[in-house]
Amino acid sequence: MDNRFDAIIFDLDGTLIDSMWVWPEIDQAFLKKYNLTVPDDLEEELEGMSFTESAVYFKNRFHIEDSVEVIKKTWNEMAWNFYTNHIQLKEGAAQFLDLVRKRHLKLGIATSNSIELVTAILERFGITDFFHSIRTSCEVEKGKPHPYIFLKVAEDLEVAPDRCLVFEDIPNGVIAAKAAGMEVWAIEDRQDEKIRKELKRLADRFIQDYQEAIQRFINSKE
């Protein structure tokens with residue numbers, strides 16, 4: 001099956017690493033500093049936004065006096081312990097990375113997270129050098145569901161979009177990668193049933209974990 005692709009591009013949070021549980025805790029603690037509670041629609045509103053876009057959203061919606069840069073710095077500080085000590089790779093991710101690297105596919109990351117946290121988690125697991133391109137949505141015009149981040153990584157990799165396979169865990173990420181002209185496999189994370197149903201509708205394939213990806217990648221005749 002790898003003959004169909006020259007590159008694989010991964011989202012990070014919820015896709016390569018099991019980290020989505022961290023951010024609701026950070027949102028709650030952050031807003032509590034301003035005597036605010038987390039609105040029910042916050043997670044849905046933020047889906048796919050870049051780190052900078054999220055900070056702008058918080059500043060405007062919650063009338064926070066701190067600058068966007070200060071908000072981002074605060075989030076990085078709040079998340080640092082989680083990313084350097086507690087968050088783990090998703091099941092089978094390390095083995096899958098080994099497999100595709102041995103098959104000489106180019107690897108990239110297209111994430112909405114901050115470069116500081118991305119760097120910290122990749123260095124912690126010793127996999128930074130696996131990736132030929134590491135980009136954040138702050139580096140492009142707009143975050144997901146716009147295709148710019150995926151197109152930027154493909155450009156870095158010098159691979160045509162239709163020769164890229166993307167792994168994602170959120171609908172806006174799938175929409176962005178499909179808009180870029182790429183094949184997308186959605187992976188199960190901590191999504192509720194509504195989101196899983198949407199992912200199954202939008203993505204080319206929905207997988208439970210990277211062990212399933214390994215088997216499908218090796219055995220598929222498509």
# chains A, B, ... in the order shown; residues from 1 in each chain; ligands from 1

call {"tool": "residues_around", "arguments": {"residues": "A:Asp13", "least_positions_apart": "4", "cutoff": "10 Å", "atoms": "only C-alpha atoms", "output": "list in words"}}
result
Ile17, Asp18, Ser19, Met20, Trp21, Val22, Trp23, Ile87, Leu89, Lys90, Thr111, Ser112, Asn113, Val118, Glu168, Asp169, Ile170 and Asp189 of chain A

call {"tool": "write_last_selection", "arguments": {"atoms": "N, CA and C atoms", "output": "PDB file, in the first residue's frame"}}
result
ATOM      1  N   ILE A  17      -0.088  11.689  19.907  1.00  0.00           N
ATOM      2  CA  ILE A  17       0.042  11.643  21.362  1.00  0.00           C
ATOM      3  C   ILE A  17      -1.326  11.727  22.022  1.00  0.00           C
ATOM      4  N   ASP A  18      -1.419  11.112  23.194  1.00  0.00           N
ATOM      5  CA  ASP A  18      -2.680  11.089  23.947  1.00  0.00           C
ATOM      6  C   ASP A  18      -2.702  12.302  24.864  1.00  0.00           C
ATOM      7  N   SER A  19      -3.114  13.446  24.318  1.00  0.00           N
ATOM      8  CA  SER A  19      -2.991  14.704  25.053  1.00  0.00           C
ATOM      9  C   SER A  19      -4.261  15.522  25.128  1.00  0.00           C
ATOM     10  N   MET A  20      -5.325  15.106  24.449  1.00  0.00           N
ATOM     11  CA  MET A  20      -6.509  15.958  24.394  1.00  0.00           C
ATOM     12  C   MET A  20      -7.167  16.148  25.756  1.00  0.00           C
ATOM     13  N   TRP A  21      -6.936  15.214  26.673  1.00  0.00           N
ATOM     14  CA  TRP A  21      -7.501  15.336  28.013  1.00  0.00           C
ATOM     15  C   TRP A  21      -6.895  16.504  28.796  1.00  0.00           C
ATOM     16  N   VAL A  22      -5.720  16.946  28.382  1.00  0.00           N
ATOM     17  CA  VAL A  22      -5.024  18.000  29.112  1.00  0.00           C
ATOM     18  C   VAL A  22      -5.700  19.360  28.943  1.00  0.00           C
ATOM     19  N   TRP A  23      -6.141  19.645  27.719  1.00  0.00           N
ATOM     20  CA  TRP A  23      -6.558  21.006  27.414  1.00  0.00           C
ATOM     21  C   TRP A  23      -7.840  21.457  28.101  1.00  0.00           C
ATOM     22  N   ILE A  87       2.208  13.066  29.342  1.00  0.00           N
ATOM     23  CA  ILE A  87       1.561  12.661  28.096  1.00  0.00           C
ATOM     24  C   ILE A  87       2.348  11.543  27.419  1.00  0.00           C
ATOM     25  N   LEU A  89       2.753   8.657  23.969  1.00  0.00           N
ATOM     26  CA  LEU A  89       2.435   8.377  22.576  1.00  0.00           C
ATOM     27  C   LEU A  89       1.190   7.512  22.518  1.00  0.00           C
ATOM     28  N   LYS A  90       0.431   7.639  21.458  1.00  0.00           N
ATOM     29  CA  LYS A  90      -0.745   6.784  21.273  1.00  0.00           C
ATOM     30  C   LYS A  90      -0.289   5.342  21.045  1.00  0.00           C
ATOM     31  N   THR A 111       0.399  20.633  12.999  1.00  0.00           N
ATOM     32  CA  THR A 111      -0.289  20.723  14.272  1.00  0.00           C
ATOM     33  C   THR A 111      -0.786  22.133  14.565  1.00  0.00           C
ATOM     34  N   SER A 112      -1.841  22.201  15.376  1.00  0.00           N
ATOM     35  CA  SER A 112      -2.356  23.485  15.853  1.00  0.00           C
ATOM     36  C   SER A 112      -1.702  23.910  17.161  1.00  0.00           C
ATOM     37  N   ASN A 113      -0.844  23.081  17.714  1.00  0.00           N
ATOM     38  CA  ASN A 113      -0.221  23.368  19.003  1.00  0.00           C
ATOM     39  C   ASN A 113       0.912  24.384  18.844  1.00  0.00           C
ATOM     40  N   VAL A 118       5.359  21.255  20.997  1.00  0.00           N
ATOM     41  CA  VAL A 118       5.662  20.240  19.986  1.00  0.00           C
ATOM     42  C   VAL A 118       7.108  19.779  20.132  1.00  0.00           C
ATOM     43  N   GLU A 168      -5.476  12.123  11.316  1.00  0.00           N
ATOM     44  CA  GLU A 168      -6.134  13.198  12.058  1.00  0.00           C
ATOM     45  C   GLU A 168      -7.109  12.618  13.076  1.00  0.00           C
ATOM     46  N   ASP A 169      -7.541  13.459  14.017  1.00  0.00           N
ATOM     47  CA  ASP A 169      -8.491  12.994  15.030  1.00  0.00           C
ATOM     48  C   ASP A 169      -9.683  13.918  15.206  1.00  0.00           C
ATOM     49  N   ILE A 170      -9.735  15.033  14.456  1.00  0.00           N
ATOM     50  CA  ILE A 170     -10.866  15.947  14.580  1.00  0.00           C
ATOM     51  C   ILE A 170     -11.460  16.235  13.205  1.00  0.00           C
ATOM     52  N   ASP A 189      -9.879   8.581  19.305  1.00  0.00           N
ATOM     53  CA  ASP A 189      -9.259   9.194  20.475  1.00  0.00           C
ATOM     54  C   ASP A 189     -10.306   9.240  21.580  1.00  0.00           C
TER      55      ASP A 189
END

call {"tool": "residues_around", "arguments": {"residues": "stretch 75-85 of chain A", "least_positions_apart": "3", "cutoff": "10 Å", "atoms": "only C-alpha atoms", "output": "PyMOL selection string"}}
result
chain A and resi 17+19+22-23+25-27+29-30+51+55+69-72+88+113-125

call {"tool": "closest_atom_pairs", "arguments": {"of": "stretch 6-95 of chain A", "to": "stretch 143-161 of chain A", "cutoff": "6 Å", "atoms": "only C-alpha atoms", "output": "tab-separated table"}}
result
residue	atom	partner	partner_atom	distance
A:Gly48	CA	A:Lys144	CA	4.5
A:Met49	CA	A:Gly143	CA	5.1
A:Ser50	CA	A:Gly143	CA	5.1

call {"tool": "select_by_dssp", "arguments": {"residues": "stretch 33-115 of chain A", "states": "alpha helix (DSSP H)", "output": "ChimeraX atom specification"}}
result
/A:42-46,51-61,68-81,93-102,115

call {"tool": "write_last_selection", "arguments": {"atoms": "C-alpha atoms", "output": "tab-separated table (two decimals), in the first residue's frame"}}
result
chain	number	residue	atom	x	y	z
A	42	LEU	CA	-15.78	26.11	23.94
A	43	GLU	CA	-14.22	22.88	22.68
A	44	GLU	CA	-16.32	22.94	19.53
A	45	GLU	CA	-15.52	26.59	18.90
A	46	LEU	CA	-11.77	26.05	19.23
A	51	PHE	CA	-2.43	28.34	19.07
A	52	THR	CA	-2.48	32.03	18.14
A	53	GLU	CA	-6.05	31.97	16.81
A	54	SER	CA	-7.16	30.30	20.07
A	55	ALA	CA	-5.46	33.01	22.13
A	56	VAL	CA	-7.14	35.73	20.06
A	57	TYR	CA	-10.48	33.96	20.54
A	58	PHE	CA	-10.02	33.79	24.33
A	59	LYS	CA	-8.95	37.42	24.52
A	60	ASN	CA	-11.98	38.63	22.55
A	61	ARG	CA	-14.64	36.31	23.92
A	68	VAL	CA	-2.20	37.40	22.91
A	69	GLU	CA	1.50	36.69	23.47
A	70	VAL	CA	1.05	36.67	27.25
A	71	ILE	CA	-1.92	34.29	26.94
A	72	LYS	CA	0.14	31.92	24.77
A	73	LYS	CA	3.07	32.10	27.21
A	74	THR	CA	0.73	31.30	30.11
A	75	TRP	CA	-0.71	28.28	28.28
A	76	ASN	CA	2.76	26.98	27.46
A	77	GLU	CA	3.76	27.27	31.11
A	78	MET	CA	0.57	25.54	32.27
A	79	ALA	CA	1.00	22.68	29.77
A	80	TRP	CA	4.76	22.23	30.14
A	81	ASN	CA	4.65	19.68	32.98
A	93	ALA	CA	2.46	4.99	17.25
A	94	ALA	CA	6.16	4.27	17.83
A	95	GLN	CA	5.97	0.98	15.93
A	96	PHE	CA	4.11	2.60	13.06
A	97	LEU	CA	6.68	5.38	12.82
A	98	ASP	CA	9.44	2.79	12.71
A	99	LEU	CA	7.64	0.88	9.96
A	100	VAL	CA	7.05	3.81	7.65
A	101	ARG	CA	10.49	5.29	8.22
A	102	LYS	CA	12.11	1.97	7.26
A	115	ILE	CA	6.11	25.00	18.62

call {"tool": "closest_residue", "arguments": {"among": "A:Leu12, A:Cys164, A:Ala180, A:Ile214", "to": "A:Thr136", "atoms": "only C-alpha atoms"}}
result
A:Leu12

call {"tool": "atom_distance", "arguments": {"atom1": "atom CA of A:Thr15", "atom2": "atom CA of A:Glu183"}}
result
15.4 Å

call {"tool": "select_by_dssp", "arguments": {"residues": "stretch 1-219 of chain A", "states": "strand (DSSP E or B)", "output": "PyMOL selection string"}}
result
chain A and resi 7-10+13+17-18+88-89+106-111+133-136+164-168+183-187+205-207

call {"tool": "atom_distance", "arguments": {"atom1": "atom CA of A:Asp204", "atom2": "atom CA of A:Ala186"}}
result
7.8 Å

call {"tool": "atom_distance", "arguments": {"atom1": "atom CA of A:Leu165", "atom2": "atom CA of A:Gly14"}}
result
16.9 Å

call {"tool": "residues_around", "arguments": {"residues": "A:Ile207", "least_positions_apart": "2", "cutoff": "9 Å", "atoms": "only C-alpha atoms", "output": "PyMOL selection string"}}
result
chain A and resi 185-188+205+209-210+212-213

call {"tool": "write_last_selection", "arguments": {"atoms": "N, CA and C atoms", "output": "mmCIF file, in the first residue's frame"}}
result
data_model
loop_
_atom_site.group_PDB
_atom_site.id
_atom_site.type_symbol
_atom_site.label_atom_id
_atom_site.label_comp_id
_atom_site.auth_asym_id
_atom_site.auth_seq_id
_atom_site.Cartn_x
_atom_site.Cartn_y
_atom_site.Cartn_z
ATOM 1 N N TRP A 185 -6.845 9.338 7.078
ATOM 2 C CA TRP A 185 -7.312 8.304 7.996
ATOM 3 C C TRP A 185 -7.555 8.963 9.339
ATOM 4 N N ALA A 186 -8.771 8.876 9.829
ATOM 5 C CA ALA A 186 -9.098 9.387 11.159
ATOM 6 C C ALA A 186 -8.821 8.291 12.180
ATOM 7 N N ILE A 187 -8.320 8.691 13.331
ATOM 8 C CA ILE A 187 -7.978 7.725 14.372
ATOM 9 C C ILE A 187 -8.815 7.983 15.625
ATOM 10 N N GLU A 188 -9.230 6.916 16.262
ATOM 11 C CA GLU A 188 -10.044 7.042 17.472
ATOM 12 C C GLU A 188 -9.234 7.677 18.587
ATOM 13 N N ARG A 205 -10.893 6.671 5.891
ATOM 14 C CA ARG A 205 -10.888 5.472 6.724
ATOM 15 C C ARG A 205 -10.865 5.905 8.175
ATOM 16 N N ASP A 209 -6.579 2.303 16.224
ATOM 17 C CA ASP A 209 -5.249 2.632 16.755
ATOM 18 C C ASP A 209 -4.197 2.335 15.690
ATOM 19 N N TYR A 210 -2.929 2.537 16.026
ATOM 20 C CA TYR A 210 -1.873 2.343 15.038
ATOM 21 C C TYR A 210 -1.548 0.877 14.784
ATOM 22 N N GLU A 212 -3.888 -1.224 14.148
ATOM 23 C CA GLU A 212 -4.749 -1.433 12.986
ATOM 24 C C GLU A 212 -4.150 -0.768 11.757
ATOM 25 N N ALA A 213 -3.568 0.405 11.935
ATOM 26 C CA ALA A 213 -2.932 1.090 10.799
ATOM 27 C C ALA A 213 -1.797 0.253 10.232
#

call {"tool": "residues_around", "arguments": {"residues": "A:Val166", "least_positions_apart": "4", "cutoff": "9 Å", "atoms": "only C-alpha atoms", "output": "PDB file with N, CA and C atoms, in the first residue's frame"}}
result
ATOM      1  N   ALA A   7       4.574  10.245   1.280  1.00  0.00           N
ATOM      2  CA  ALA A   7       4.721  10.938   2.563  1.00  0.00           C
ATOM      3  C   ALA A   7       3.521  10.666   3.449  1.00  0.00           C
ATOM      4  N   ILE A   8       3.763  10.736   4.749  1.00  0.00           N
ATOM      5  CA  ILE A   8       2.696  10.648   5.740  1.00  0.00           C
ATOM      6  C   ILE A   8       2.796  11.875   6.636  1.00  0.00           C
ATOM      7  N   ILE A   9       1.659  12.532   6.818  1.00  0.00           N
ATOM      8  CA  ILE A   9       1.599  13.741   7.640  1.00  0.00           C
ATOM      9  C   ILE A   9       0.677  13.472   8.832  1.00  0.00           C
ATOM     10  N   PHE A  10       1.158  13.809  10.014  1.00  0.00           N
ATOM     11  CA  PHE A  10       0.410  13.574  11.238  1.00  0.00           C
ATOM     12  C   PHE A  10       0.009  14.885  11.892  1.00  0.00           C
ATOM     13  N   ASP A  11      -1.228  14.953  12.346  1.00  0.00           N
ATOM     14  CA  ASP A  11      -1.566  15.900  13.388  1.00  0.00           C
ATOM     15  C   ASP A  11      -0.852  15.396  14.642  1.00  0.00           C
ATOM     16  N   PHE A 150      -1.431  21.805   5.832  1.00  0.00           N
ATOM     17  CA  PHE A 150      -1.081  20.559   5.152  1.00  0.00           C
ATOM     18  C   PHE A 150      -0.343  20.828   3.841  1.00  0.00           C
ATOM     19  N   VAL A 174      -9.667  16.767   9.379  1.00  0.00           N
ATOM     20  CA  VAL A 174      -9.967  15.934   8.213  1.00  0.00           C
ATOM     21  C   VAL A 174     -10.393  16.820   7.044  1.00  0.00           C
ATOM     22  N   ALA A 177      -7.326  18.543   5.512  1.00  0.00           N
ATOM     23  CA  ALA A 177      -6.469  17.658   4.717  1.00  0.00           C
ATOM     24  C   ALA A 177      -7.139  17.240   3.414  1.00  0.00           C
ATOM     25  N   LYS A 178      -8.447  16.996   3.467  1.00  0.00           N
ATOM     26  CA  LYS A 178      -9.177  16.651   2.237  1.00  0.00           C
ATOM     27  C   LYS A 178      -9.184  17.840   1.279  1.00  0.00           C
ATOM     28  N   MET A 182      -5.537  15.449  -0.065  1.00  0.00           N
ATOM     29  CA  MET A 182      -4.833  14.319   0.516  1.00  0.00           C
ATOM     30  C   MET A 182      -5.798  13.233   0.990  1.00  0.00           C
ATOM     31  N   GLU A 183      -5.301  12.002   1.080  1.00  0.00           N
ATOM     32  CA  GLU A 183      -6.086  10.936   1.703  1.00  0.00           C
ATOM     33  C   GLU A 183      -5.962  11.080   3.209  1.00  0.00           C
ATOM     34  N   VAL A 184      -7.057  10.801   3.922  1.00  0.00           N
ATOM     35  CA  VAL A 184      -7.068  11.012   5.370  1.00  0.00           C
ATOM     36  C   VAL A 184      -7.603   9.779   6.093  1.00  0.00           C
ATOM     37  N   TRP A 185      -6.845   9.338   7.078  1.00  0.00           N
ATOM     38  CA  TRP A 185      -7.312   8.304   7.996  1.00  0.00           C
ATOM     39  C   TRP A 185      -7.555   8.963   9.339  1.00  0.00           C
ATOM     40  N   ALA A 186      -8.771   8.876   9.829  1.00  0.00           N
ATOM     41  CA  ALA A 186      -9.098   9.387  11.159  1.00  0.00           C
ATOM     42  C   ALA A 186      -8.821   8.291  12.180  1.00  0.00           C
TER      43      ALA A 186
END

call {"tool": "decode", "arguments": {"residues": "stretch 80-189 of chain A", "atoms": "C-alpha atoms", "output": "PDB file, in the first residue's frame"}}
result
ATOM      1  CA  TRP A  80       4.760  22.226  30.137  1.00  0.00           C
ATOM      2  CA  ASN A  81       4.649  19.681  32.984  1.00  0.00           C
ATOM      3  CA  PHE A  82       2.062  17.575  31.162  1.00  0.00           C
ATOM      4  CA  TYR A  83       4.064  17.495  27.927  1.00  0.00           C
ATOM      5  CA  THR A  84       7.425  16.824  29.541  1.00  0.00           C
ATOM      6  CA  ASN A  85       6.294  14.270  32.132  1.00  0.00           C
ATOM      7  CA  HIS A  86       2.836  12.780  31.669  1.00  0.00           C
ATOM      8  CA  ILE A  87       1.561  12.661  28.096  1.00  0.00           C
ATOM      9  CA  GLN A  88       2.256   9.416  26.221  1.00  0.00           C
ATOM     10  CA  LEU A  89       2.435   8.377  22.576  1.00  0.00           C
ATOM     11  CA  LYS A  90      -0.745   6.784  21.273  1.00  0.00           C
ATOM     12  CA  GLU A  91      -0.855   2.994  21.248  1.00  0.00           C
ATOM     13  CA  GLY A  92       1.242   1.565  18.417  1.00  0.00           C
ATOM     14  CA  ALA A  93       2.456   4.988  17.246  1.00  0.00           C
ATOM     15  CA  ALA A  94       6.157   4.267  17.829  1.00  0.00           C
ATOM     16  CA  GLN A  95       5.968   0.978  15.933  1.00  0.00           C
ATOM     17  CA  PHE A  96       4.111   2.602  13.064  1.00  0.00           C
ATOM     18  CA  LEU A  97       6.680   5.380  12.818  1.00  0.00           C
ATOM     19  CA  ASP A  98       9.443   2.787  12.715  1.00  0.00           C
ATOM     20  CA  LEU A  99       7.641   0.883   9.963  1.00  0.00           C
ATOM     21  CA  VAL A 100       7.054   3.811   7.647  1.00  0.00           C
ATOM     22  CA  ARG A 101      10.493   5.288   8.218  1.00  0.00           C
ATOM     23  CA  LYS A 102      12.113   1.970   7.264  1.00  0.00           C
ATOM     24  CA  ARG A 103      10.085   2.117   4.061  1.00  0.00           C
ATOM     25  CA  HIS A 104      11.664   5.506   3.319  1.00  0.00           C
ATOM     26  CA  LEU A 105       8.450   7.508   3.388  1.00  0.00           C
ATOM     27  CA  LYS A 106       8.855  11.168   4.258  1.00  0.00           C
ATOM     28  CA  LEU A 107       7.182  12.175   7.518  1.00  0.00           C
ATOM     29  CA  GLY A 108       5.693  15.484   8.573  1.00  0.00           C
ATOM     30  CA  ILE A 109       3.726  17.046  11.410  1.00  0.00           C
ATOM     31  CA  ALA A 110       0.949  19.591  10.881  1.00  0.00           C
ATOM     32  CA  THR A 111      -0.289  20.723  14.272  1.00  0.00           C
ATOM     33  CA  SER A 112      -2.356  23.485  15.853  1.00  0.00           C
ATOM     34  CA  ASN A 113      -0.221  23.368  19.003  1.00  0.00           C
ATOM     35  CA  SER A 114       2.632  25.702  19.942  1.00  0.00           C
ATOM     36  CA  ILE A 115       6.109  24.997  18.619  1.00  0.00           C
ATOM     37  CA  GLU A 116       7.428  24.986  22.191  1.00  0.00           C
ATOM     38  CA  LEU A 117       5.192  22.103  23.267  1.00  0.00           C
ATOM     39  CA  VAL A 118       5.662  20.240  19.986  1.00  0.00           C
ATOM     40  CA  THR A 119       9.427  20.412  20.367  1.00  0.00           C
ATOM     41  CA  ALA A 120       9.258  19.310  24.005  1.00  0.00           C
ATOM     42  CA  ILE A 121       7.157  16.193  23.372  1.00  0.00           C
ATOM     43  CA  LEU A 122       9.082  15.055  20.288  1.00  0.00           C
ATOM     44  CA  GLU A 123      12.418  15.470  22.064  1.00  0.00           C
ATOM     45  CA  ARG A 124      11.109  13.613  25.088  1.00  0.00           C
ATOM     46  CA  PHE A 125      10.367  10.532  22.992  1.00  0.00           C
ATOM     47  CA  GLY A 126      13.467  10.909  20.828  1.00  0.00           C
ATOM     48  CA  ILE A 127      11.541  11.115  17.562  1.00  0.00           C
ATOM     49  CA  THR A 128      12.289  14.644  16.365  1.00  0.00           C
ATOM     50  CA  ASP A 129      14.616  13.372  13.652  1.00  0.00           C
ATOM     51  CA  PHE A 130      11.898  11.094  12.264  1.00  0.00           C
ATOM     52  CA  PHE A 131      10.193  14.119  10.723  1.00  0.00           C
ATOM     53  CA  HIS A 132      11.333  15.993   7.645  1.00  0.00           C
ATOM     54  CA  SER A 133       8.892  18.853   8.319  1.00  0.00           C
ATOM     55  CA  ILE A 134       7.330  20.098  11.555  1.00  0.00           C
ATOM     56  CA  ARG A 135       4.891  22.954  11.100  1.00  0.00           C
ATOM     57  CA  THR A 136       2.347  24.696  13.312  1.00  0.00           C
ATOM     58  CA  SER A 137      -0.783  26.459  12.132  1.00  0.00           C
ATOM     59  CA  CYS A 138       0.666  29.713  13.498  1.00  0.00           C
ATOM     60  CA  GLU A 139       3.032  29.652  10.512  1.00  0.00           C
ATOM     61  CA  VAL A 140       0.295  29.776   7.878  1.00  0.00           C
ATOM     62  CA  GLU A 141      -2.530  32.121   6.936  1.00  0.00           C
ATOM     63  CA  LYS A 142      -5.308  30.275   8.774  1.00  0.00           C
ATOM     64  CA  GLY A 143      -5.636  27.110  10.839  1.00  0.00           C
ATOM     65  CA  LYS A 144      -7.800  24.078  10.200  1.00  0.00           C
ATOM     66  CA  PRO A 145     -10.320  23.552   8.521  1.00  0.00           C
ATOM     67  CA  HIS A 146      -8.346  25.556   5.957  1.00  0.00           C
ATOM     68  CA  PRO A 147      -5.811  23.446   4.028  1.00  0.00           C
ATOM     69  CA  TYR A 148      -2.800  25.746   4.377  1.00  0.00           C
ATOM     70  CA  ILE A 149      -0.909  23.825   7.084  1.00  0.00           C
ATOM     71  CA  PHE A 150      -1.081  20.559   5.152  1.00  0.00           C
ATOM     72  CA  LEU A 151      -0.079  22.208   1.897  1.00  0.00           C
ATOM     73  CA  LYS A 152       2.879  23.846   3.651  1.00  0.00           C
ATOM     74  CA  VAL A 153       4.126  20.521   4.999  1.00  0.00           C
ATOM     75  CA  ALA A 154       3.715  18.872   1.590  1.00  0.00           C
ATOM     76  CA  GLU A 155       5.708  21.722   0.079  1.00  0.00           C
ATOM     77  CA  ASP A 156       8.470  21.195   2.641  1.00  0.00           C
ATOM     78  CA  LEU A 157       8.510  17.478   1.870  1.00  0.00           C
ATOM     79  CA  GLU A 158       8.514  18.155  -1.889  1.00  0.00           C
ATOM     80  CA  VAL A 159       5.643  15.694  -2.303  1.00  0.00           C
ATOM     81  CA  ALA A 160       2.455  16.233  -4.310  1.00  0.00           C
ATOM     82  CA  PRO A 161      -0.639  16.492  -2.068  1.00  0.00           C
ATOM     83  CA  ASP A 162      -2.285  13.469  -3.687  1.00  0.00           C
ATOM     84  CA  ARG A 163       0.758  11.386  -2.686  1.00  0.00           C
ATOM     85  CA  CYS A 164       0.300  12.274   1.011  1.00  0.00           C
ATOM     86  CA  LEU A 165      -1.549  10.257   3.646  1.00  0.00           C
ATOM     87  CA  VAL A 166      -2.770  12.228   6.663  1.00  0.00           C
ATOM     88  CA  PHE A 167      -3.664  11.003  10.152  1.00  0.00           C
ATOM     89  CA  GLU A 168      -6.134  13.198  12.058  1.00  0.00           C
ATOM     90  CA  ASP A 169      -8.491  12.994  15.030  1.00  0.00           C
ATOM     91  CA  ILE A 170     -10.866  15.947  14.580  1.00  0.00           C
ATOM     92  CA  PRO A 171     -13.391  16.778  11.846  1.00  0.00           C
ATOM     93  CA  ASN A 172     -11.856  20.168  11.025  1.00  0.00           C
ATOM     94  CA  GLY A 173      -8.483  18.494  10.589  1.00  0.00           C
ATOM     95  CA  VAL A 174      -9.967  15.934   8.213  1.00  0.00           C
ATOM     96  CA  ILE A 175     -11.728  18.691   6.265  1.00  0.00           C
ATOM     97  CA  ALA A 176      -8.458  20.630   5.986  1.00  0.00           C
ATOM     98  CA  ALA A 177      -6.469  17.658   4.717  1.00  0.00           C
ATOM     99  CA  LYS A 178      -9.177  16.651   2.237  1.00  0.00           C
ATOM    100  CA  ALA A 179      -9.297  20.241   0.985  1.00  0.00           C
ATOM    101  CA  ALA A 180      -5.551  19.958   0.414  1.00  0.00           C
ATOM    102  CA  GLY A 181      -6.201  16.959  -1.843  1.00  0.00           C
ATOM    103  CA  MET A 182      -4.833  14.319   0.516  1.00  0.00           C
ATOM    104  CA  GLU A 183      -6.086  10.936   1.703  1.00  0.00           C
ATOM    105  CA  VAL A 184      -7.068  11.012   5.370  1.00  0.00           C
ATOM    106  CA  TRP A 185      -7.312   8.304   7.996  1.00  0.00           C
ATOM    107  CA  ALA A 186      -9.098   9.387  11.159  1.00  0.00           C
ATOM    108  CA  ILE A 187      -7.978   7.725  14.372  1.00  0.00           C
ATOM    109  CA  GLU A 188     -10.044   7.042  17.472  1.00  0.00           C
ATOM    110  CA  ASP A 189      -9.259   9.194  20.475  1.00  0.00           C
TER     111      ASP A 189
END
